[in-house]
Amino acid sequence: MANDIIPEKIKGIPKFAKELLRFCSITCQFVLFGNIYDLFPFPQGEKYIPMNITQFIAHLLTTYDSYKIVIEYVPLEGFRLLKGDEGIFTNLSGRKIGDKVVTLLDAYETIEKFITGDEKAAVVINFSSRLPEISCSRDLPDFLYHTFKLSININQKGNPPSYNPIIFLVEKENDLPPWYTVENPRIRTIPIPKPDFEIRRWIAQALLPRMDEWTSLPESKKEELIKDFVNLTSGMFAREMLSIVVLSKRENLSAREIGEATRRYKVGVSENPWAKIDKERLNNAEEFLKRRVMGQEKAIKQAATILRRAFFNLSGSQFSRYSNRPKGVLFFAGPTGVGKTELAKAITELIFGSEHHYIRFDMSEFSHEHSDQRLIGAPPGYVGYDVGGELTNAVKQNPFSVILFDEIEKAHPKILDIFLQILDDGRLTSGRGETVYFSETLIIFTSNLGVYEVTSDGKKIQRISPGMSYDEIEKILTEAIKEYFTFKIARPEILNRIGENIIVFDFIRNENVKKILDKMLNNVRIKLEEDKGIKLEISDNVQQKIYEEIVKDLSMGGRGIGNKLELLFINPLSELLFKLFPQTESTVVVNELVKKDDRWELNGRVVG
């Protein structure tokens, strides 16, 4: 080995490269799979130069071992000289660099000359995963048979003895047939993972000096920015790190703004709606939310606090400066119809100016084990693979969103594992292998956990009632949620990610019914006037009668109030309007609500 360098002592060289160097003397063929299209840092003096995989292998073998020539075979094209003397290539192969080689068997004749020749040489077969797609009827099987036979019959040579290896580059380990690689000690399979912390550090050191203002920074600041870049790019490819630096150059971002450049690369846009939120509006968030959700003061207060925290990007900051977690996580719990979904819509309107800017998933539709494929997409080879997942597609199209997972307890427990990655890392990998980032989203879960208890005979018993105080309700529901995640589905880690963001909603109390009723009746007035040009006046005694009927049963919350209002007022109003048939710009005065048999009727008159 050149200069007697031990692979383990080569700083900044990836693990797979050290393994390749170590086994070249005792293994005649290699299959490198995984992250083969990335960049890899190669040391040159005090610097590290990013290279593609074939350049990297060539420099590795000629620098740290005594290889004289490394060539690359590209299917349908021919051979390229990666490193070494072109004369050696011509003498060994009888070809010139750039000569087109179409068939695999023709290529094998040249490969065999290098592998069995006297010069210490290596052959890299690139794009090996594509061989089945481009080969003729018997081309590939015959080619693999010959290279396999070569691996069995070839002998070591030189002093110290070593092989001239063939190195296949494939995307997945099984892209070559199992008979070729399984239980063959002459062929070594080596995975190439995404760059780890150390490799990203070498890449960062090579790339950041290209950014504006780098040379003017003090050494301490340079070291800080390198560390920031390495942490911000956790789980990313080296090529993505290069793309971030190129993007920063194009958008005139300096080295000090590497965090902003990384954010723009992840979400795909430079605009940040979170930064454009009206600070005064967010400061008065409680007042804004109360106009849409009534009787849930404590829930609104907690939600507003989390929104203000999200504005300053402080979610998860206690654990790491480089947190990529979602902007915020809210877990709304409580009985049906009390405003959980309505508050999610109100929050969306507060942040983005429109309640339609949120993405909703009804988790009752994901009750089967494999329904996670709807969210992230089917894996390769399955129907719908090319379509992608509903969740990953939605966030990729609009990374600035409120995402509502409604009635989370109805989802299959396996589905919940998806949320671990979202809540912890702020990213999710789709079935197509794309990474989607959730760092600019607000995640909201809703749940009815603890409201009912199912007995052994299948009956549902309500555990909480409007007669209980809010503190009692909060205690019962919070304990039920913890019990469900910790014991029933054995996913305490999900509960741990949600943290202290469980917000319990109260029942609709009598004192809030009047406010909700006034809002709903006003909606009816506005709708009638906008659509038909008819004004509506409702007498106090009719409103009082409606109120008295509604408060008899508030167990179904706000939706229950709306349903009763339809029965008590909207249906009778429709009958009255048909009876009176008022003209445009006239006013209908409703002055009496009566019950006849099992039906409610309104009495009134037209004015004007």
# chains A, B, ... in the order shown; residues from 1 in each chain; ligands from 1
call {"tool": "residues_around", "arguments": {"residues": "region 171-185 of chain A", "least_positions_apart": "5", "cutoff": "8 Å", "atoms": "only C-alpha atoms", "output": "MDAnalysis selection string"}}
result
chainID A and resid 27 31:36 128:129 144 148 191
call {"tool": "residues_around", "arguments": {"residues": "Glu72 (chain A)", "least_positions_apart": "5", "cutoff": "7 Å", "atoms": "only C-alpha atoms", "output": "compact mmCIF listing (two decimals) with N, CA, C and O atoms, in the first residue's frame"}}
result
# COMPACT_ATOMS: atom_id res chain seq x y z
N PHE A 79 -15.49 3.10 -22.68
CA PHE A 79 -14.56 3.19 -21.55
C PHE A 79 -14.03 4.61 -21.40
O PHE A 79 -13.84 5.33 -22.38
N ARG A 80 -13.82 4.99 -20.16
CA ARG A 80 -13.22 6.28 -19.83
C ARG A 80 -12.01 6.05 -18.94
O ARG A 80 -12.03 5.17 -18.07
N LEU A 81 -11.01 6.84 -19.15
CA LEU A 81 -9.82 6.77 -18.29
C LEU A 81 -10.07 7.66 -17.08
O LEU A 81 -10.20 8.88 -17.20
N LEU A 82 -10.14 7.07 -15.89
CA LEU A 82 -10.36 7.85 -14.67
C LEU A 82 -9.05 8.35 -14.08
O LEU A 82 -8.95 9.47 -13.61
N VAL A 123 -11.25 -1.82 -12.70
CA VAL A 123 -12.32 -1.46 -13.63
C VAL A 123 -13.59 -1.17 -12.83
O VAL A 123 -14.03 -2.01 -12.04
N VAL A 124 -14.15 0.01 -13.04
CA VAL A 124 -15.40 0.40 -12.39
C VAL A 124 -16.51 0.30 -13.43
O VAL A 124 -16.46 0.96 -14.47
N ILE A 125 -17.52 -0.54 -13.17
CA ILE A 125 -18.67 -0.65 -14.07
C ILE A 125 -19.78 0.22 -13.50
O ILE A 125 -20.43 -0.13 -12.50
N ASN A 126 -19.99 1.35 -14.12
CA ASN A 126 -20.96 2.33 -13.62
C ASN A 126 -22.37 2.01 -14.14
O ASN A 126 -22.54 1.31 -15.13
call {"tool": "residues_around", "arguments": {"residues": "Pro161 (chain A)", "least_positions_apart": "2", "cutoff": "12 Å", "atoms": "only C-alpha atoms", "output": "tab-separated table (two decimals) with N, CA, C and O atoms, in the first residue's frame"}}
result
chain	number	residue	atom	x	y	z
A	1	MET	N	0.85	-1.20	0.00
A	1	MET	CA	0.00	0.00	0.00
A	1	MET	C	0.89	1.24	0.00
A	1	MET	O	1.87	1.30	0.73
A	23	PHE	N	-9.69	-4.46	1.45
A	23	PHE	CA	-9.98	-5.77	0.89
A	23	PHE	C	-9.55	-5.92	-0.57
A	23	PHE	O	-9.73	-7.00	-1.15
A	24	CYS	N	-8.98	-4.86	-1.18
A	24	CYS	CA	-8.54	-4.99	-2.57
A	24	CYS	C	-7.48	-6.07	-2.75
A	24	CYS	O	-7.37	-6.68	-3.82
A	25	SER	N	-6.69	-6.31	-1.74
A	25	SER	CA	-5.63	-7.30	-1.85
A	25	SER	C	-6.14	-8.74	-1.74
A	25	SER	O	-5.46	-9.67	-2.15
A	26	ILE	N	-7.36	-8.93	-1.21
A	26	ILE	CA	-7.86	-10.29	-0.99
A	26	ILE	C	-9.23	-10.55	-1.64
A	26	ILE	O	-9.75	-11.65	-1.57
A	27	THR	N	-9.81	-9.53	-2.28
A	27	THR	CA	-11.11	-9.71	-2.94
A	27	THR	C	-11.01	-9.20	-4.37
A	27	THR	O	-10.49	-8.11	-4.62
A	28	CYS	N	-11.57	-9.97	-5.30
A	28	CYS	CA	-11.36	-9.61	-6.71
A	28	CYS	C	-12.53	-8.85	-7.32
A	28	CYS	O	-12.38	-8.28	-8.41
A	66	SER	N	-1.10	1.06	-4.96
A	66	SER	CA	-0.14	1.19	-6.07
A	66	SER	C	-0.78	0.92	-7.44
A	66	SER	O	-0.11	0.40	-8.34
A	120	LYS	N	-1.10	-3.17	-12.70
A	120	LYS	CA	-2.06	-3.15	-11.60
A	120	LYS	C	-3.19	-2.17	-11.96
A	120	LYS	O	-2.99	-0.96	-12.01
A	155	ASN	N	-6.32	-15.23	-10.32
A	155	ASN	CA	-5.35	-15.40	-9.23
A	155	ASN	C	-4.71	-14.06	-8.88
A	155	ASN	O	-4.67	-13.13	-9.69
A	156	GLN	N	-4.20	-13.98	-7.66
A	156	GLN	CA	-3.47	-12.80	-7.24
A	156	GLN	C	-2.12	-12.73	-7.95
A	156	GLN	O	-1.59	-13.74	-8.41
A	157	LYS	N	-1.58	-11.53	-8.03
A	157	LYS	CA	-0.26	-11.35	-8.63
A	157	LYS	C	0.43	-10.16	-7.99
A	157	LYS	O	-0.21	-9.36	-7.29
A	158	GLY	N	1.72	-10.04	-8.27
A	158	GLY	CA	2.47	-8.92	-7.72
A	158	GLY	C	3.06	-9.24	-6.36
A	158	GLY	O	2.85	-10.30	-5.78
A	159	ASN	N	3.80	-8.28	-5.84
A	159	ASN	CA	4.41	-8.42	-4.52
A	159	ASN	C	4.31	-7.08	-3.79
A	159	ASN	O	4.97	-6.11	-4.19
A	163	TYR	N	-5.32	-8.33	-6.20
A	163	TYR	CA	-6.14	-8.53	-7.38
A	163	TYR	C	-6.29	-7.23	-8.17
A	163	TYR	O	-6.12	-6.13	-7.64
A	164	ASN	N	-6.61	-7.39	-9.45
A	164	ASN	CA	-7.13	-6.27	-10.24
A	164	ASN	C	-8.66	-6.36	-10.16
A	164	ASN	O	-9.24	-7.24	-10.82
call {"tool": "atom_distance", "arguments": {"atom1": "CA of Gln55 (chain A)", "atom2": "CA of Lys83 (chain A)"}}
result
8.0 Å
call {"tool": "closest_residue", "arguments": {"among": "A:Ile494, A:Gly604, A:Leu568, A:Asn522", "to": "Ser539 (chain A)", "atoms": "only C-alpha atoms"}}
result
A:Gly604
call {"tool": "select_by_dssp", "arguments": {"residues": "region 374-511 of chain A", "states": "strand (DSSP E)", "output": "list in words"}}
result
Val402, Ile403, Leu404, Phe405, Asp406, Arg427, Leu428, Thr429, Thr435, Val436, Tyr437, Leu442, Ile443, Ile444, Phe445, Thr446, Ser447, Tyr452, Glu453, Val454, Lys460, Ile461, Gln462, Ile502, Ile503 and Val504 of chain A
call {"tool": "closest_atom_pairs", "arguments": {"of": "region 9-54 of chain A", "to": "region 196-212 of chain A", "cutoff": "10 Å", "atoms": "only C-alpha atoms", "output": "tab-separated table"}}
result
residue	atom	partner	partner_atom	distance
A:Lys11	CA	A:Glu198	CA	9.4
A:Gly12	CA	A:Ile199	CA	6.2
A:Ile13	CA	A:Ile199	CA	7.5
A:Pro14	CA	A:Ile199	CA	6.7
A:Lys15	CA	A:Ile199	CA	9.7
A:Leu39	CA	A:Ile203	CA	8.6
A:Phe40	CA	A:Ile203	CA	7.7
A:Pro41	CA	A:Ile203	CA	5.9
A:Phe42	CA	A:Trp202	CA	8.9
A:Pro43	CA	A:Trp202	CA	9.0
A:Lys47	CA	A:Ala206	CA	6.7
A:Tyr48	CA	A:Ala206	CA	5.6
A:Ile49	CA	A:Ala206	CA	6.3
A:Pro50	CA	A:Ile203	CA	6.8
call {"tool": "residues_around", "arguments": {"residues": "region 391-400 of chain A", "least_positions_apart": "5", "cutoff": "6 Å", "atoms": "only C-alpha atoms", "output": "ChimeraX atom specification"}}
result
/A:267,375-376,440-441
call {"tool": "write_last_selection", "arguments": {"atoms": "C-alpha atoms", "output": "PDB file, in the first residue's frame"}}
result
ATOM      1  CA  VAL A 267     -38.934  24.241   1.451  1.00  0.00           C
ATOM      2  CA  LEU A 375     -49.948   9.026   3.381  1.00  0.00           C
ATOM      3  CA  ILE A 376     -46.392   8.446   2.149  1.00  0.00           C
ATOM      4  CA  GLU A 440     -42.516  25.081   8.408  1.00  0.00           C
ATOM      5  CA  THR A 441     -45.772  23.312   9.330  1.00  0.00           C
TER       6      THR A 441
END
call {"tool": "select_by_dssp", "arguments": {"residues": "region 263-384 of chain A", "states": "helix (DSSP H, G or I)", "output": "count of residues only"}}
result
63
call {"tool": "closest_residue", "arguments": {"among": "A:Phe114, A:Asn512, A:Phe168, A:Tyr37", "to": "Thr189 (chain A)", "atoms": "only C-alpha atoms"}}
result
A:Phe168
call {"tool": "residues_around", "arguments": {"residues": "Tyr67 (chain A)", "least_positions_apart": "2", "cutoff": "6 Å", "atoms": "only C-alpha atoms", "output": "list in words"}}
result
Leu61, Thr62, Asp65, Ile69, Lys120 and Ala121 of chain A
call {"tool": "write_last_selection", "arguments": {"atoms": "N, CA and C atoms", "output": "mmCIF file, in the first residue's frame"}}
result
data_model
loop_
_atom_site.group_PDB
_atom_site.id
_atom_site.type_symbol
_atom_site.label_atom_id
_atom_site.label_comp_id
_atom_site.auth_asym_id
_atom_site.auth_seq_id
_atom_site.Cartn_x
_atom_site.Cartn_y
_atom_site.Cartn_z
ATOM 1 N N LEU A 61 -7.572 4.634 -5.121
ATOM 2 C CA LEU A 61 -6.734 3.472 -5.427
ATOM 3 C C LEU A 61 -5.350 3.880 -5.908
ATOM 4 N N THR A 62 -5.242 4.990 -6.604
ATOM 5 C CA THR A 62 -3.920 5.410 -7.107
ATOM 6 C C THR A 62 -3.120 6.189 -6.076
ATOM 7 N N ASP A 65 -2.941 3.266 -2.774
ATOM 8 C CA ASP A 65 -2.472 1.949 -3.169
ATOM 9 C C ASP A 65 -1.668 2.125 -4.461
ATOM 10 N N ILE A 69 -3.580 2.281 -13.146
ATOM 11 C CA ILE A 69 -4.651 2.773 -14.012
ATOM 12 C C ILE A 69 -6.004 2.322 -13.473
ATOM 13 N N LYS A 120 -1.101 -3.171 -12.696
ATOM 14 C CA LYS A 120 -2.062 -3.146 -11.596
ATOM 15 C C LYS A 120 -3.194 -2.173 -11.962
ATOM 16 N N ALA A 121 -4.379 -2.724 -12.230
ATOM 17 C CA ALA A 121 -5.489 -1.936 -12.770
ATOM 18 C C ALA A 121 -6.790 -2.289 -12.063
#
call {"tool": "atom_distance", "arguments": {"atom1": "CA of Ala285 (chain A)", "atom2": "CA of Ser401 (chain A)"}}
result
17.9 Å
call {"tool": "residues_around", "arguments": {"residues": "region 335-350 of chain A", "least_positions_apart": "3", "cutoff": "7 Å", "atoms": "only C-alpha atoms", "output": "PyMOL selection string"}}
result
chain A and resi 289+292-293+332+353-355+357-358+402+446+448+451+505+507-508+556-560
call {"tool": "write_last_selection", "arguments": {"atoms": "N, CA and C atoms", "output": "short mmCIF file (atom, residue, chain, number, x, y, z; two decimals), in the first residue's frame"}}
result
data_model
loop_
_atom_site.label_atom_id
_atom_site.label_comp_id
_atom_site.auth_asym_id
_atom_site.auth_seq_id
_atom_site.Cartn_x
_atom_site.Cartn_y
_atom_site.Cartn_z
N LEU A 289 -59.19 34.57 18.01
CA LEU A 289 -59.68 33.20 18.06
C LEU A 289 -61.03 33.09 18.76
N ARG A 292 -64.28 33.21 16.82
CA ARG A 292 -64.74 32.03 16.08
C ARG A 292 -65.03 30.85 16.99
N VAL A 293 -64.31 30.75 18.10
CA VAL A 293 -64.49 29.63 19.02
C VAL A 293 -64.86 30.18 20.38
N PHE A 332 -55.55 18.54 20.45
CA PHE A 332 -56.86 18.99 20.95
C PHE A 332 -57.68 17.77 21.38
N GLY A 353 -54.11 33.95 6.77
CA GLY A 353 -55.11 34.84 6.20
C GLY A 353 -56.32 34.15 5.61
N SER A 354 -56.31 32.82 5.58
CA SER A 354 -57.45 32.07 5.05
C SER A 354 -57.55 30.73 5.76
N GLU A 355 -58.75 30.35 6.12
CA GLU A 355 -58.93 29.07 6.81
C GLU A 355 -58.74 27.89 5.87
N HIS A 357 -56.24 27.24 4.12
CA HIS A 357 -54.82 26.97 3.96
C HIS A 357 -54.38 25.76 4.79
N TYR A 358 -55.33 25.00 5.29
CA TYR A 358 -54.95 23.86 6.11
C TYR A 358 -55.21 22.56 5.37
N VAL A 402 -50.96 24.40 7.94
CA VAL A 402 -51.46 23.77 9.17
C VAL A 402 -51.99 22.40 8.76
N THR A 446 -56.51 15.99 16.73
CA THR A 446 -57.73 16.05 17.54
C THR A 446 -58.08 14.64 17.99
N ASN A 448 -61.04 12.21 20.61
CA ASN A 448 -62.13 12.05 21.58
C ASN A 448 -61.75 11.07 22.68
N VAL A 451 -63.50 10.34 26.36
CA VAL A 451 -64.89 10.81 26.46
C VAL A 451 -65.82 9.64 26.73
N PHE A 505 -60.56 20.56 25.76
CA PHE A 505 -61.70 21.44 25.51
C PHE A 505 -62.84 21.11 26.47
N PHE A 507 -66.95 21.28 27.74
CA PHE A 507 -68.29 21.23 27.14
C PHE A 507 -68.77 22.66 26.87
N ILE A 508 -69.73 22.77 25.97
CA ILE A 508 -70.38 24.06 25.76
C ILE A 508 -71.28 24.33 26.97
N MET A 556 -73.97 17.25 22.50
CA MET A 556 -73.37 17.17 21.16
C MET A 556 -72.64 18.44 20.78
N GLY A 557 -72.50 19.37 21.71
CA GLY A 557 -71.68 20.54 21.49
C GLY A 557 -72.23 21.48 20.42
N GLY A 558 -71.28 22.21 19.79
CA GLY A 558 -71.66 23.23 18.80
C GLY A 558 -72.39 22.65 17.60
N ARG A 559 -71.98 21.45 17.15
CA ARG A 559 -72.67 20.84 16.02
C ARG A 559 -74.10 20.49 16.42
N GLY A 560 -74.27 20.06 17.67
CA GLY A 560 -75.61 19.76 18.16
C GLY A 560 -76.49 21.00 18.18
#
call {"tool": "closest_residue", "arguments": {"among": "A:Leu554, A:Ile134, A:Ile461, A:Leu442", "to": "Phe331 (chain A)", "atoms": "only C-alpha atoms"}}
result
A:Leu442
call {"tool": "atom_distance", "arguments": {"atom1": "CA of Glu260 (chain A)", "atom2": "CA of Leu404 (chain A)"}}
result
26.9 Å
call {"tool": "residues_around", "arguments": {"residues": "Asn283 (chain A)", "least_positions_apart": "6", "cutoff": "12 Å", "atoms": "only C-alpha atoms", "output": "list in words"}}
result
Ile277, Leu289, Lys301, Ala304, Thr305, Ile306, Leu307, Arg308, Arg309, Phe311, Leu350 and Ile351 of chain A
call {"tool": "closest_residue", "arguments": {"among": "A:Ile97, A:Leu573, A:Leu92, A:Ala107", "to": "Val524 (chain A)", "atoms": "only C-alpha atoms"}}
result
A:Leu573
call {"tool": "closest_residue", "arguments": {"among": "A:Ile561, A:Ile534, A:Ile166, A:Ala255", "to": "Lys221 (chain A)", "atoms": "only C-alpha atoms"}}
result
A:Ala255
call {"tool": "closest_residue", "arguments": {"among": "A:Glu474, A:Asp99, A:Glu240, A:Glu592", "to": "Tyr265 (chain A)", "atoms": "only C-alpha atoms"}}
result
A:Glu240
call {"tool": "closest_atom_pairs", "arguments": {"of": "region 268-342 of chain A", "to": "region 422-431 of chain A", "cutoff": "8 Å", "atoms": "only C-alpha atoms", "output": "CSV"}}
result
residue,atom,partner,partner_atom,distance
A:Ser323,CA,A:Asp425,CA,7.7
A:Asn324,CA,A:Gly426,CA,5.1
A:Arg325,CA,A:Gly426,CA,4.3
A:Pro326,CA,A:Gly426,CA,5.6
A:Val329,CA,A:Leu423,CA,8.0
